[in-house]
Amino acid sequence: MVNTNMKDAVIDTMVFAYGLLNETEYAVDSLAAIARTETIHVPDSIRAELTNVIWQWITLEAIPVQTGLDVLQDANTLFSQVHPTEQLWREALILACEDKHSAYDTLFITLAKNQEIPLITYDKKLLKKYPAIAIKPESVSGLPN
């Protein structure tokens, strides 16, 4: 467990979703990891992904539409560096094909690789496939595992 602030990191969509939607099991670690990351890098595709996650929560009647809109606005203020997908997609597609993993996810991996910074994620497949890049939120949240 790392108990210090992280200068730069890419943060996965679900870390934002769990934190900002106050998902019981993951909210504390998610919000702490976000708060402890000085510069948050994301691919611009995160806006579409997060919108879809919020839509799912709304359709499950877990949150009202206004809360979803508020979460989108809050998330947008947390993105320090938004990187254009067009600068990542070729490498992300090659990686997705080579590793047989979703191109949505390999956009985040590609960004982290290119910036030489970690990716904070809950995605178990990413954590397993890319242990040199992908780390769990609790490893930067300062909370016990």
# chains A, B, ... in the order shown; residues from 1 in each chain; ligands from 1
call {"tool": "residues_around", "arguments": {"residues": "Ile94 of chain A", "least_positions_apart": "5", "cutoff": "9 Å", "atoms": "only C-alpha atoms", "output": "ChimeraX atom specification"}}
result
/A:89,99,103
call {"tool": "select_by_dssp", "arguments": {"residues": "chain A", "states": "strand (DSSP E or B)", "output": "PyMOL selection string"}}
result
chain A and resi 6-11+37-43+81-83+119-120+134-135
call {"tool": "select_by_dssp", "arguments": {"residues": "segment 36-100 of chain A", "states": "helix (DSSP H, G or I)", "output": "VMD selection string"}}
result
chain A and resid 36 46 to 59 65 to 78 85 to 87 89 to 99
call {"tool": "atom_distance", "arguments": {"atom1": "atom CA of Leu95 of chain A", "atom2": "atom CA of Ala9 of chain A"}}
result
19.7 Å
call {"tool": "closest_residue", "arguments": {"among": "A:Gln115, A:Leu78, A:Glu86, A:Ile109", "to": "Ala134 of chain A", "atoms": "only C-alpha atoms"}}
result
A:Ile109
call {"tool": "residues_around", "arguments": {"residues": "Ile34 of chain A", "least_positions_apart": "2", "cutoff": "9 Å", "atoms": "only C-alpha atoms", "output": "PDB file with C-alpha atoms, in the first residue's frame"}}
result
ATOM      1  CA  ILE A  11      -7.852   6.924 -13.748  1.00  0.00           C
ATOM      2  CA  VAL A  15     -13.146   4.608 -10.326  1.00  0.00           C
ATOM      3  CA  PHE A  16     -14.906   7.896 -11.077  1.00  0.00           C
ATOM      4  CA  GLY A  19     -16.657   7.401  -6.186  1.00  0.00           C
ATOM      5  CA  ASP A  29     -11.133   4.095  -1.951  1.00  0.00           C
ATOM      6  CA  SER A  30     -12.210   5.646  -5.248  1.00  0.00           C
ATOM      7  CA  LEU A  31     -12.611   9.151  -3.858  1.00  0.00           C
ATOM      8  CA  ALA A  32      -9.366   8.886  -1.889  1.00  0.00           C
ATOM      9  CA  ARG A  36      -4.507  11.857  -3.856  1.00  0.00           C
ATOM     10  CA  THR A  37      -3.724  12.060  -7.574  1.00  0.00           C
ATOM     11  CA  GLU A  38      -2.319  15.471  -8.364  1.00  0.00           C
ATOM     12  CA  ILE A  40      -5.479  13.049 -13.535  1.00  0.00           C
ATOM     13  CA  LEU A  78     -11.665  16.400 -11.957  1.00  0.00           C
ATOM     14  CA  PRO A 137      -7.285   2.423  -6.089  1.00  0.00           C
ATOM     15  CA  VAL A 140      -2.952   5.070  -3.492  1.00  0.00           C
ATOM     16  CA  SER A 141      -5.915   5.758  -1.233  1.00  0.00           C
TER      17      SER A 141
END
call {"tool": "closest_residue", "arguments": {"among": "A:Ala75, A:Leu20, A:Leu107, A:Leu93", "to": "Ser45 of chain A", "atoms": "only C-alpha atoms"}}
result
A:Leu107
call {"tool": "residues_around", "arguments": {"residues": "Thr110 of chain A", "least_positions_apart": "6", "cutoff": "8 Å", "atoms": "only C-alpha atoms", "output": "JSON, numbers by chain"}}
result
{"A": [88, 91, 92]}
call {"tool": "closest_residue", "arguments": {"among": "A:Lys113, A:Leu50, A:Tyr26, A:Lys129", "to": "Asp12 of chain A", "atoms": "only C-alpha atoms"}}
result
A:Leu50
call {"tool": "closest_residue", "arguments": {"among": "A:Asp8, A:Leu72, A:Lys125, A:Met14", "to": "Ser102 of chain A", "atoms": "only C-alpha atoms"}}
result
A:Lys125
call {"tool": "residues_around", "arguments": {"residues": "Arg47 of chain A", "least_positions_apart": "4", "cutoff": "12 Å", "atoms": "only C-alpha atoms", "output": "number ranges by chain"}}
result
A: 12-14, 16-17, 42-43, 51-54, 69, 71-79, 82-85, 104
call {"tool": "atom_distance", "arguments": {"atom1": "atom CA of Pro118 of chain A", "atom2": "atom CA of Asp44 of chain A"}}
result
17.4 Å
call {"tool": "closest_residue", "arguments": {"among": "A:Ala96, A:Ile46, A:Val10, A:Ala27", "to": "Ile133 of chain A", "atoms": "only C-alpha atoms"}}
result
A:Val10
call {"tool": "atom_distance", "arguments": {"atom1": "atom CA of Asp70 of chain A", "atom2": "atom CA of Thr39 of chain A"}}
result
21.8 Å
call {"tool": "closest_residue", "arguments": {"among": "A:His41, A:Glu138, A:Glu98, A:Glu49", "to": "Asn114 of chain A", "atoms": "only C-alpha atoms"}}
result
A:His41
